[in-house]
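As provided, target_8.tsv (TSV, C-alpha atoms and all ligand atoms) reads as follows.
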chain	number	residue	atom	x	y	z
F	228	GLU	CA	81.19	97.35	60.26
F	229	SER	CA	78.81	99.52	62.29
F	230	ALA	CA	78.83	96.85	65.02
F	231	THR	CA	82.58	96.99	65.45
F	232	LYS	CA	82.45	100.77	65.59
F	233	GLY	CA	80.31	100.31	68.67
F	234	GLY	CA	77.81	102.97	67.58
F	235	PHE	CA	80.49	105.62	66.97
F	236	SER	CA	80.78	107.49	63.68
F	237	SER	CA	84.30	106.18	63.03
F	238	PHE	CA	86.82	103.73	64.41
F	239	MET	CA	88.91	106.69	65.49
F	240	GLU	CA	86.04	108.06	67.62
F	241	LYS	CA	85.50	104.60	69.08
F	242	GLU	CA	89.19	104.22	69.83
F	243	ILE	CA	89.35	107.66	71.48
F	244	HIS	CA	86.53	106.45	73.73
F	245	ASP	CA	88.30	103.12	74.32
F	246	GLN	CA	91.16	104.95	76.04
F	247	PRO	CA	90.10	104.54	79.67
F	248	ASP	CA	90.09	100.80	79.01
F	249	ALA	CA	93.34	100.84	77.05
F	250	VAL	CA	95.14	102.38	80.04
F	251	ARG	CA	93.34	100.14	82.55
F	252	GLN	CA	94.15	96.95	80.65
F	253	THR	CA	97.77	97.95	80.20
F	254	LEU	CA	98.14	98.47	83.97
F	255	LEU	CA	96.28	95.30	84.88
F	256	GLY	CA	98.14	92.55	86.70
F	257	ARG	CA	101.50	94.26	86.54
F	258	SER	CA	101.86	95.29	90.18
F	259	ASP	CA	100.85	93.96	93.57
F	260	LEU	CA	99.03	95.77	96.35
F	261	ASN	CA	102.31	96.77	97.99
F	262	GLY	CA	103.37	98.76	94.97
F	263	ASN	CA	105.82	96.19	93.62
F	264	LEU	CA	106.04	96.00	89.85
F	265	THR	CA	105.82	92.41	88.69
F	266	LEU	CA	106.90	92.48	85.06
F	267	ASP	CA	107.83	88.77	85.00
F	268	GLU	CA	107.04	88.71	81.30
F	269	LEU	CA	110.18	90.76	80.65
F	270	ARG	CA	112.39	87.68	80.72
F	271	ILE	CA	115.66	89.60	80.84
F	272	ASP	CA	117.87	88.73	83.80
F	273	PRO	CA	117.27	91.52	86.36
F	274	GLU	CA	121.01	91.52	87.08
F	275	GLU	CA	121.60	92.42	83.44
F	276	LEU	CA	119.04	95.20	83.61
F	277	LYS	CA	120.76	96.63	86.69
F	278	LYS	CA	123.90	97.12	84.60
F	279	VAL	CA	122.14	99.27	82.01
F	280	ASN	CA	123.83	102.67	81.82
F	281	LYS	CA	122.08	104.10	78.78
F	282	ILE	CA	118.62	103.75	77.26
F	283	ILE	CA	117.77	104.48	73.65
F	284	VAL	CA	114.09	104.62	72.67
F	285	LEU	CA	113.42	103.91	68.99
F	286	ALA	CA	110.12	104.44	67.20
F	287	CYS	CA	108.37	106.28	64.36
F	288	GLY	CA	105.38	108.61	64.18
F	289	THR	CA	103.08	108.73	67.16
F	290	ALA	CA	105.06	106.00	68.92
F	291	ALA	CA	108.13	108.27	68.85
F	292	TYR	CA	106.18	110.93	70.75
F	293	ALA	CA	105.27	108.29	73.34
F	294	GLY	CA	109.01	107.66	73.50
F	295	THR	CA	109.68	111.34	74.21
F	296	VAL	CA	107.23	111.25	77.11
F	297	ALA	CA	109.01	108.09	78.30
F	298	LYS	CA	112.36	109.86	78.30
F	299	TYR	CA	111.19	112.46	80.82
F	300	ALA	CA	109.73	109.81	83.12
F	301	ILE	CA	112.55	107.25	82.86
F	302	GLU	CA	115.31	109.79	83.47
F	303	ASN	CA	113.39	111.23	86.40
F	304	TRP	CA	112.73	107.90	88.08
F	305	CYS	CA	115.79	105.85	87.07
F	306	ARG	CA	118.52	108.45	86.60
F	307	ILE	CA	119.66	106.55	83.49
F	308	PRO	CA	120.55	108.78	80.50
F	309	THR	CA	117.82	108.21	77.92
F	310	GLU	CA	117.72	109.24	74.28
F	311	VAL	CA	114.81	109.06	71.88
F	312	GLU	CA	115.49	108.64	68.22
F	313	LEU	CA	113.44	108.19	65.10
F	314	ALA	CA	114.18	104.61	64.12
F	315	HIS	CA	114.99	105.48	60.51
F	316	GLU	CA	117.71	107.92	61.55
F	317	PHE	CA	119.29	105.64	64.12
F	318	ARG	CA	121.52	103.18	62.34
F	319	TYR	CA	122.76	105.62	59.75
F	320	ARG	CA	124.68	107.74	62.23
F	321	ASP	CA	126.94	105.07	63.72
F	322	PRO	CA	125.30	105.21	67.17
F	323	ILE	CA	127.28	104.37	70.29
F	324	LEU	CA	125.88	101.30	72.03
F	325	ASP	CA	127.15	98.19	73.81
F	326	ASP	CA	125.85	95.41	76.03
F	327	ASN	CA	125.03	97.88	78.81
F	328	THR	CA	122.72	99.77	76.47
F	329	LEU	CA	119.01	99.05	76.65
F	330	VAL	CA	117.13	99.74	73.45
F	331	VAL	CA	113.39	100.16	73.95
F	332	SER	CA	111.41	100.08	70.72
F	333	ILE	CA	107.81	101.28	70.65
F	334	SER	CA	105.44	100.15	67.90
F	335	GLN	CA	101.71	99.66	67.78
F	336	SER	CA	101.84	97.21	64.87
F	337	GLY	CA	105.15	95.55	65.63
F	338	GLU	CA	105.73	95.52	61.86
F	339	THR	CA	107.11	98.98	61.06
F	340	MET	CA	110.13	98.22	58.90
F	341	ASP	CA	112.12	101.29	59.99
F	342	THR	CA	111.75	100.28	63.63
F	343	LEU	CA	112.47	96.62	62.94
F	344	MET	CA	115.70	97.40	61.09
F	345	ALA	CA	116.84	99.67	63.92
F	346	VAL	CA	116.13	96.95	66.51
F	347	ARG	CA	118.05	94.38	64.43
F	348	TYR	CA	120.99	96.75	64.19
F	349	ALA	CA	120.94	97.38	67.95
F	350	ARG	CA	120.97	93.64	68.67
F	351	GLU	CA	123.88	93.10	66.30
F	352	GLN	CA	125.78	95.70	68.30
F	353	GLY	CA	125.11	93.74	71.50
F	354	ALA	CA	122.45	95.98	73.04
F	355	LYS	CA	119.58	94.49	75.03
F	356	THR	CA	116.24	95.07	73.32
F	357	ILE	CA	112.78	95.45	74.79
F	358	SER	CA	109.76	95.96	72.57
F	359	ILE	CA	106.68	97.88	73.71
F	360	CYS	CA	104.07	96.61	71.29
F	361	ASN	CA	100.31	96.29	70.83
F	362	THR	CA	100.25	93.30	68.49
F	363	ASN	CA	100.78	89.83	69.87
F	364	GLY	CA	103.40	87.77	68.14
F	365	SER	CA	104.33	90.46	65.59
F	366	THR	CA	107.83	90.70	64.16
F	367	ILE	CA	109.46	93.37	66.37
F	368	PRO	CA	108.63	91.59	69.66
F	369	ARG	CA	109.71	88.27	68.16
F	370	GLU	CA	113.06	89.75	67.24
F	371	SER	CA	113.59	91.49	70.60
F	372	ASP	CA	115.01	90.04	73.82
F	373	ALA	CA	111.78	90.82	75.65
F	374	VAL	CA	108.38	92.40	75.15
F	375	LEU	CA	106.04	94.46	77.26
F	376	TYR	CA	102.67	94.34	75.52
F	377	THR	CA	100.28	97.26	75.54
F	378	HIS	CA	96.73	96.00	75.92
F	379	ALA	CA	94.90	98.68	73.96
F	380	GLY	CA	93.08	96.11	71.83
F	381	PRO	CA	93.14	96.22	68.02
F	382	GLU	CA	93.54	99.73	66.63
F	383	ILE	CA	91.85	100.10	63.24
F	384	ALA	CA	91.96	103.84	62.48
F	385	VAL	CA	95.19	104.80	60.76
F	386	ALA	CA	95.78	107.73	63.12
F	387	SER	CA	96.89	106.28	66.44
F	388	THR	CA	95.04	107.24	69.62
F	389	LYS	CA	94.50	104.53	72.22
F	390	ALA	CA	97.76	102.80	71.31
F	391	PHE	CA	99.57	106.08	72.14
F	392	LEU	CA	98.14	106.28	75.65
F	393	ALA	CA	98.82	102.58	76.19
F	394	GLN	CA	102.43	103.02	75.00
F	395	ILE	CA	102.97	105.86	77.45
F	396	THR	CA	101.43	103.75	80.22
F	397	ALA	CA	103.67	100.76	79.44
F	398	ALA	CA	106.74	102.99	79.28
F	399	TYR	CA	105.91	104.37	82.75
F	400	LEU	CA	105.66	100.80	84.07
F	401	LEU	CA	109.00	99.95	82.53
F	402	GLY	CA	110.57	103.08	84.03
F	403	LEU	CA	109.16	102.30	87.47
F	404	TYR	CA	110.32	98.69	87.20
F	405	LEU	CA	113.88	99.73	86.34
F	406	ALA	CA	113.84	102.26	89.18
F	407	GLN	CA	112.63	99.52	91.55
F	408	LEU	CA	115.36	97.11	90.40
F	409	ARG	CA	118.06	99.69	90.81
F	410	GLY	CA	116.73	101.03	94.09
F	411	ASN	CA	116.41	104.55	92.68
F	412	ILE	CA	113.07	105.33	94.26
F	413	PHE	CA	111.36	104.05	97.39
F	414	SER	CA	108.59	101.50	97.10
F	415	GLY	CA	106.28	104.07	98.74
F	416	GLN	CA	106.89	106.44	95.84
F	417	ILE	CA	106.25	103.69	93.29
F	418	LYS	CA	103.05	102.86	95.10
F	419	ASP	CA	101.97	106.51	94.88
F	420	VAL	CA	102.65	106.69	91.13
F	421	LEU	CA	100.77	103.41	90.59
F	422	ALA	CA	97.83	104.79	92.56
F	423	ASP	CA	97.86	107.95	90.42
F	424	LEU	CA	98.02	105.81	87.26
F	425	GLY	CA	95.06	103.82	88.53
F	426	LYS	CA	93.00	107.01	88.65
F	427	ILE	CA	93.79	107.98	85.04
F	428	PRO	CA	91.02	105.96	83.30
F	429	ALA	CA	88.25	107.74	85.22
F	430	LYS	CA	89.90	111.10	84.52
F	431	ILE	CA	90.06	110.36	80.78
F	432	GLN	CA	86.36	109.53	80.97
F	433	THR	CA	85.68	112.95	82.53
F	434	ILE	CA	87.43	114.61	79.58
F	435	LEU	CA	85.45	112.53	77.07
F	436	ASP	CA	82.17	113.35	78.79
F	437	GLY	CA	82.89	117.09	78.85
F	438	ALA	CA	84.11	117.45	75.26
F	439	GLY	CA	81.03	119.22	73.86
F	440	PRO	CA	82.46	122.77	73.74
F	441	LEU	CA	85.73	121.48	72.27
F	442	ARG	CA	83.85	119.68	69.49
F	443	GLU	CA	81.88	122.83	68.77
F	444	LEU	CA	85.09	124.83	68.49
F	445	ALA	CA	86.60	122.19	66.17
F	446	ARG	CA	83.59	122.35	63.84
F	447	SER	CA	83.87	126.15	63.71
F	448	MET	CA	87.51	125.87	62.64
F	449	ALA	CA	87.11	123.60	59.64
F	450	ASN	CA	88.38	126.31	57.27
F	451	GLU	CA	91.62	127.10	59.11
F	452	GLN	CA	94.79	126.88	57.03
F	453	SER	CA	97.34	126.45	59.81
F	454	ILE	CA	97.22	125.68	63.53
F	455	LEU	CA	100.16	125.80	65.92
F	456	PHE	CA	100.72	123.82	69.13
F	457	LEU	CA	103.01	124.78	72.02
F	458	GLY	CA	104.05	122.69	74.97
F	459	ARG	CA	106.91	122.40	77.40
F	460	HIS	CA	108.48	119.46	79.30
F	461	VAL	CA	106.08	116.50	78.85
F	462	GLY	CA	103.67	118.92	77.19
F	463	TYR	CA	106.11	119.24	74.29
F	464	PRO	CA	105.54	115.74	72.83
F	465	VAL	CA	101.82	116.29	73.46
F	466	ALA	CA	101.99	119.42	71.27
F	467	LEU	CA	103.81	117.42	68.58
F	468	GLU	CA	101.16	114.71	68.73
F	469	GLY	CA	98.31	117.23	68.59
F	470	ALA	CA	99.82	118.70	65.42
F	471	LEU	CA	100.44	115.28	63.88
F	472	LYS	CA	96.81	114.26	64.38
F	473	LEU	CA	95.62	117.33	62.46
F	474	LYS	CA	98.07	116.79	59.62
F	475	GLU	CA	97.15	113.12	59.32
F	476	ILE	CA	93.39	113.31	59.22
F	477	ALA	CA	92.38	116.95	58.59
F	478	TYR	CA	95.15	117.80	56.06
F	479	ILE	CA	95.75	121.11	57.79
F	480	HIS	CA	99.21	122.54	58.19
F	481	ALA	CA	100.00	122.08	61.86
F	482	GLU	CA	103.23	122.40	63.81
F	483	GLY	CA	104.14	121.57	67.37
F	484	PHE	CA	106.86	123.57	69.08
F	485	ALA	CA	108.64	123.50	72.40
F	486	ALA	CA	107.17	126.60	74.03
F	487	GLY	CA	110.63	127.83	75.07
F	488	GLU	CA	111.66	127.81	71.41
F	489	LEU	CA	108.90	130.27	70.46
F	490	LYS	CA	111.14	133.31	70.83
F	491	HIS	CA	113.87	131.67	68.73
F	492	GLY	CA	111.82	131.61	65.54
F	493	PRO	CA	108.25	130.34	65.54
F	494	ILE	CA	106.85	133.56	67.04
F	495	ALA	CA	107.40	135.12	63.62
F	496	LEU	CA	104.57	132.91	62.34
F	497	ILE	CA	102.03	134.53	64.64
F	498	ASP	CA	99.65	136.93	62.97
F	499	GLU	CA	96.12	138.15	63.48
F	500	GLY	CA	93.73	135.28	64.12
F	501	LYS	CA	96.32	132.45	64.02
F	502	PRO	CA	95.02	129.62	66.21
F	503	VAL	CA	97.55	128.43	68.79
F	504	PHE	CA	96.93	125.55	71.16
F	505	VAL	CA	98.99	125.81	74.34
F	506	VAL	CA	99.45	122.79	76.61
F	507	VAL	CA	100.04	124.33	80.03
F	508	PRO	CA	101.97	122.50	82.77
F	509	SER	CA	100.46	122.17	86.23
F	510	PRO	CA	100.72	125.29	88.41
F	511	ARG	CA	101.75	122.84	91.17
F	512	GLY	CA	104.79	121.70	89.18
F	513	ARG	CA	108.40	122.66	89.79
F	514	ASP	CA	110.73	125.15	88.18
F	515	SER	CA	108.15	127.87	87.46
F	516	LEU	CA	107.40	126.24	84.12
F	517	HIS	CA	103.76	127.15	84.54
F	518	ALA	CA	104.53	130.87	84.71
F	519	LYS	CA	106.81	130.63	81.69
F	520	VAL	CA	104.18	128.94	79.55
F	521	VAL	CA	101.50	131.39	80.71
F	522	SER	CA	103.75	134.20	79.51
F	523	ASN	CA	104.04	132.40	76.16
F	524	ILE	CA	100.24	132.56	75.92
F	525	GLN	CA	100.41	136.30	76.58
F	526	GLU	CA	103.13	136.74	73.96
F	527	VAL	CA	101.20	135.06	71.17
F	528	ARG	CA	97.96	136.72	72.16
F	529	ALA	CA	99.60	140.14	72.11
F	530	ARG	CA	100.46	139.43	68.46
F	531	GLY	CA	96.89	138.59	67.56
F	532	ALA	CA	96.79	134.80	68.04
F	533	ARG	CA	93.63	132.97	69.07
F	534	THR	CA	94.72	131.17	72.23
F	535	LEU	CA	93.25	127.73	72.85
F	536	VAL	CA	94.51	126.49	76.16
F	537	ILE	CA	94.68	123.00	77.69
F	538	ALA	CA	95.22	123.44	81.44
F	539	GLU	CA	94.76	121.68	84.72
F	540	GLU	CA	91.46	122.03	86.56
F	541	GLY	CA	91.68	124.94	88.98
F	542	ASP	CA	94.32	126.83	86.99
F	543	GLU	CA	92.72	130.28	87.06
F	544	ALA	CA	95.84	132.10	85.87
F	545	VAL	CA	95.35	131.05	82.25
F	546	LYS	CA	91.83	132.43	81.96
F	547	ALA	CA	92.82	136.04	81.43
F	548	TYR	CA	94.76	135.23	78.26
F	549	ALA	CA	92.79	132.36	76.78
F	550	GLU	CA	90.06	132.62	74.19
F	551	HIS	CA	89.07	129.09	75.23
F	552	VAL	CA	90.30	126.96	78.13
F	553	PHE	CA	89.81	123.19	78.17
F	554	TYR	CA	90.47	121.81	81.61
F	555	VAL	CA	91.78	118.33	82.41
F	556	PRO	CA	91.63	116.81	85.91
F	557	GLU	CA	94.62	117.17	88.25
F	558	THR	CA	97.38	114.59	88.04
F	559	PRO	CA	101.13	114.59	88.73
F	560	THR	CA	103.12	116.40	86.04
F	561	LEU	CA	104.83	113.32	84.57
F	562	LEU	CA	101.46	111.63	84.00
F	563	MET	CA	99.78	114.65	82.41
F	564	PRO	CA	100.21	113.50	78.77
F	565	LEU	CA	97.69	110.71	79.44
F	566	LEU	CA	95.12	113.48	79.92
F	567	THR	CA	96.26	116.49	77.89
F	568	THR	CA	96.52	114.47	74.67
F	569	VAL	CA	92.85	113.53	74.72
F	570	PRO	CA	91.34	116.97	73.91
F	571	LEU	CA	93.76	117.32	70.99
F	572	GLN	CA	92.71	113.93	69.56
F	573	ILE	CA	89.03	114.88	69.88
F	574	PHE	CA	89.68	118.26	68.26
F	575	ALA	CA	91.38	116.67	65.23
F	576	ALA	CA	88.76	113.94	64.79
F	577	GLU	CA	85.87	116.40	65.03
F	578	LEU	CA	87.45	118.93	62.69
F	579	ALA	CA	88.31	116.28	60.07
F	580	ALA	CA	84.77	114.89	60.26
F	581	ALA	CA	83.38	118.42	59.83
F	582	LYS	CA	85.40	118.71	56.62
F	583	GLY	CA	83.79	115.51	55.42
F	584	TYR	CA	86.98	113.46	55.41
F	585	ASP	CA	87.26	109.75	56.11
F	586	VAL	CA	89.02	110.01	59.46
F	587	ASP	CA	89.81	106.29	59.59
F	588	GLN	CA	91.47	106.07	56.18
F	589	PRO	CA	93.35	109.32	55.53
F	590	ARG	CA	94.86	109.81	52.11
F	591	ASN	CA	98.43	108.65	51.44
F	592	LEU	CA	98.85	106.93	54.82
F	593	ALA	CA	99.01	103.29	55.87
F	594	LYS	CA	98.37	101.90	59.32
F	595	SER	CA	101.55	99.92	59.23
F	596	VAL	CA	104.47	100.89	57.00
F	597	THR	CA	106.34	97.74	56.10
F	598	VAL	CA	108.83	99.29	53.72
F	599	GLU	CA	111.88	101.38	54.57
F	601	LIG	C1	102.45	104.78	60.45
F	601	LIG	C2	101.12	105.18	61.02
F	601	LIG	C3	101.30	106.05	62.26
F	601	LIG	C4	102.17	105.33	63.28
F	601	LIG	C5	103.51	104.93	62.67
F	601	LIG	C6	104.29	103.99	63.57
F	601	LIG	O1	103.07	105.87	59.86
F	601	LIG	O2	100.35	105.87	60.06
F	601	LIG	O3	100.03	106.31	62.86
F	601	LIG	O4	102.39	106.16	64.39
F	601	LIG	O5	103.32	104.23	61.44
F	601	LIG	O6	103.58	102.78	63.64
F	601	LIG	P1	103.83	101.67	64.70
F	601	LIG	O7	102.92	100.53	64.32
F	601	LIG	O8	105.29	101.28	64.62
F	601	LIG	O9	103.50	102.23	66.05

Let me see the structure of the file written as structure tokens.
Amino acid sequence: ESATKGGFSSFMEKEIHDQPDAVRQTLLGRSDLNGNLTLDELRIDPEELKKVNKIIVLACGTAAYAGTVAKYAIENWCRIPTEVELAHEFRYRDPILDDNTLVVSISQSGETMDTLMAVRYAREQGAKTISICNTNGSTIPRESDAVLYTHAGPEIAVASTKAFLAQITAAYLLGLYLAQLRGNIFSGQIKDVLADLGKIPAKIQTILDGAGPLRELARSMANEQSILFLGRHVGYPVALEGALKLKEIAYIHAEGFAAGELKHGPIALIDEGKPVFVVVPSPRGRDSLHAKVVSNIQEVRARGARTLVIAEEGDEAVKAYAEHVFYVPETPTLLMPLLTTVPLQIFAAELAAAKGYDVDQPRNLAKSVTVE
């Protein structure tokens, strides 16, 4: 067993460190040097894909947060209305779908029963189905019209890490491919995004190499009862994922919130010493989102919170209000989840290990849930 852990203390630690490769392998061979996406494996008639007027992403758990990231990117690049839904809620609400609907399921295992049943239902209603999946030949891809495999390699730890980054990567490729087919964005733009994606593995490595202070903080927080996570735009699903990791392996109450929602309720939870992670958008981004999230940091700090900030390298504005800042390298806003998630995974794994828990086999959870 120690051999397969590659010298790491747990599979989860190994898989966190596998992430540069997971992203690299998922990108590999799927575009040419001119920035053309070549997803020949998709085996759905491109003419059919051009007719798609609605996308529904279906998944559970971590994969559903990858789906939320996908929504922001796909709508931005393709201008196709995109919904994300928890697979187990989907078919019980009489969803509206037809043969111009594309259902994208996301599943690491390809065996999650809730997701499988939702995909079956969507097919019965005539929708086209694409599976983003990490497990070759598993049931969900077999029952879908097409599959785009993530190449993260086998994920052993119950709490998903490298599969999440690979799912996001595959969803970006799918979004770019649809945009290319439909002529929504210029090939030059696609080429730029692909070049930025190509730089992600080295940037993840930088985060992994510089994680010492974050690990130290995590160990010092082993006795916390509750930790909150705030994020906005693509930082919102990252906040949800950061909270989920802590719940899963450290058994700490953790909640992720959309930062804009803070004033509508969650701010009442803030009291003296409450730890709050804030995932800050790039100061180079649009719509003054950066300033709004920085003021959220001020608001929680003014009420006594400990502010633990994930921000982009060079963002000096956050320093004044942060007890700790963890910087990630610069990257375009839509790609930021591939970087900002990593410190939150490391934090959860380190804290759970400090509590003496088995981070690979958390209580009450299964890697693949094959019952509804
Ligand atoms: C289980 C696992 C989660 C995972 C979810 C979806 O609940 O414990 O880590 O995110 O299933 O799994 P899937 O294989 O469909 O991605």

What's the 12 Å shell around Tyr584 in chain F, counting all atoms listed in the file, without same-chain residues fewer than 6 positions away, as number ranges by chain?
F: 236-237, 449, 473, 475-479, 575-578, 590

Counting only C-alpha atoms, which residues of range 398-496 of chain F fall within 12 Å of range 301-310 of chain F, and what is the closest atom pair for each with its distance in Å at one decimal, ordered by chain and rising number, as JSON lines?
{"residue": "F:Ala398", "atom": "CA", "partner": "F:Ile301", "partner_atom": "CA", "distance": 8.0}
{"residue": "F:Tyr399", "atom": "CA", "partner": "F:Ile301", "partner_atom": "CA", "distance": 7.2}
{"residue": "F:Leu400", "atom": "CA", "partner": "F:Ile301", "partner_atom": "CA", "distance": 9.5}
{"residue": "F:Leu401", "atom": "CA", "partner": "F:Ile301", "partner_atom": "CA", "distance": 8.1}
{"residue": "F:Gly402", "atom": "CA", "partner": "F:Ile301", "partner_atom": "CA", "distance": 4.8}
{"residue": "F:Leu403", "atom": "CA", "partner": "F:Trp304", "partner_atom": "CA", "distance": 6.7}
{"residue": "F:Tyr404", "atom": "CA", "partner": "F:Cys305", "partner_atom": "CA", "distance": 9.0}
{"residue": "F:Leu405", "atom": "CA", "partner": "F:Cys305", "partner_atom": "CA", "distance": 6.5}
{"residue": "F:Ala406", "atom": "CA", "partner": "F:Cys305", "partner_atom": "CA", "distance": 4.6}
{"residue": "F:Gln407", "atom": "CA", "partner": "F:Cys305", "partner_atom": "CA", "distance": 8.4}
{"residue": "F:Leu408", "atom": "CA", "partner": "F:Cys305", "partner_atom": "CA", "distance": 9.4}
{"residue": "F:Arg409", "atom": "CA", "partner": "F:Cys305", "partner_atom": "CA", "distance": 7.6}
{"residue": "F:Gly410", "atom": "CA", "partner": "F:Cys305", "partner_atom": "CA", "distance": 8.6}
{"residue": "F:Asn411", "atom": "CA", "partner": "F:Cys305", "partner_atom": "CA", "distance": 5.8}
{"residue": "F:Ile412", "atom": "CA", "partner": "F:Trp304", "partner_atom": "CA", "distance": 6.7}
{"residue": "F:Phe413", "atom": "CA", "partner": "F:Trp304", "partner_atom": "CA", "distance": 10.2}
{"residue": "F:Ser414", "atom": "CA", "partner": "F:Trp304", "partner_atom": "CA", "distance": 11.8}
{"residue": "F:Gln416", "atom": "CA", "partner": "F:Trp304", "partner_atom": "CA", "distance": 9.8}
{"residue": "F:Ile417", "atom": "CA", "partner": "F:Trp304", "partner_atom": "CA", "distance": 9.3}
{"residue": "F:Val420", "atom": "CA", "partner": "F:Trp304", "partner_atom": "CA", "distance": 10.6}
{"residue": "F:His460", "atom": "CA", "partner": "F:Asn303", "partner_atom": "CA", "distance": 11.9}
{"residue": "F:Val461", "atom": "CA", "partner": "F:Asn303", "partner_atom": "CA", "distance": 11.8}

Given only C-alpha atoms as the basis, pick out the residue of F:Lys519, F:Lys426, F:His244, F:Arg528 nearest to Pro559 in chain F.
F:Lys426

Kindly provide, as a PyMOL selection string, all nucleotide and amino acid residues lying within 6 Å of ligand LIG 601 (chain F), counting all atoms listed in the file.
chain F and resi 287-290+334-337+339+385-387+592-596

In Å, rounded to a single decimal, give me how far CA of Ala297 in chain F is from CA of Leu516 in chain F.
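About the pair CA of Leu516 in chain F and CA of Ala297 in chain F: they are 19.1 Å apart.
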
Looking at F:His378, F:Lys232, F:Lys490, F:Lys281, which one is nearest to Thr362 in chain F, with distances taken over all atoms listed in the file?
F:His378

State, in Å with one decimal place, the distance from CA of Asn361 in chain F to CA of Leu285 in chain F.
15.3 Å

Exercise: Pro440 in chain F partners within 12 Å, all atoms listed in the file, chain neighbours under 2 positions left out, as a list of chain:residue names
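These residues fall inside the cut-off: F:Ile434, F:Leu435, F:Asp436, F:Gly437, F:Ala438, F:Arg442, F:Glu443, F:Leu444, F:Ala445, F:Arg446, F:Ser447, F:Leu535, F:His551, F:Val552, F:Phe553, F:Tyr554, F:Pro570, F:Ile573, F:Phe574, F:Glu577.
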
With distances taken over only C-alpha atoms, which residue among F:Asn523, F:Ser509, F:Thr560, F:Ser515 lies nearest Pro493 in chain F?
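Smallest separation from Pro493 in chain F among the options: F:Asn523.
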
Using only C-alpha atoms, which protein or nucleic acid residues come within 12 Å of His517 in chain F? Drop anything in the same chain fewer than 5 positions from it, and give the result as a list in words.
Gly458, Arg459, His460, Gly462, Ala486, Gly487, Val505, Val506, Val507, Pro508, Ser509, Pro510, Arg511, Gly512, Ser522, Asn523, Ile524, Ala538, Glu539, Asp542, Glu543, Ala544, Val545 and Thr560 of chain F

Mind pulling up the distance from CA of Arg251 in chain F to CA of Ile283 in chain F?
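The value is 26.4 Å.
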
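Using all atoms listed in the file, the protein and nucleic acid residues lying no more than 8 Å from Ala379 in chain F, apart from those fewer than 5 places from it along its own chain, are Asp245, Gln246, Asp248, Ala249, Val250, Gln252, Thr253, Asn361, Lys389, Ala390 and Ala393 of chain F.
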
Return the single residue from F:Ala345, F:Ile395, F:Ala549, F:Ala293 that is closest to Leu467 in chain F, with distances computed using only C-alpha atoms.
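For Leu467 in chain F, the nearest of the given residues is F:Ala293.
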
Pick from F:Ile494, F:Val311, F:Val586, F:Ala429 nearest to Leu565 in chain F, counting only C-alpha atoms
F:Ala429

Pick from F:Asp259, F:Glu557, F:Glu599, F:Glu275: nearest to Asp326 in chain F, with only C-alpha atoms counted?
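Among F:Asp259, F:Glu557, F:Glu599, F:Glu275, it is F:Glu275 that comes nearest to Asp326 in chain F.
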
Using all atoms of range 398-404 of chain F listed in the file and a margin of 3 Å per side, can you give the axis-aligned box centre and edge lengths in Å to one decimal, as JSON?
{"center_x": 108.1, "center_y": 101.5, "center_z": 83.4, "size_x": 10.9, "size_y": 11.7, "size_z": 14.2}

With 7 Å as the threshold, what does the neighbourhood of (104.2, 124.6, 68.4) contain in terms of residues, counting all atoms listed in the file? Coordinates are those of the file; answer as a list in words.
Leu455, Phe456, Leu457, Gly458, Ala466, Glu482, Gly483, Phe484, Ala485 and Ala486 of chain F
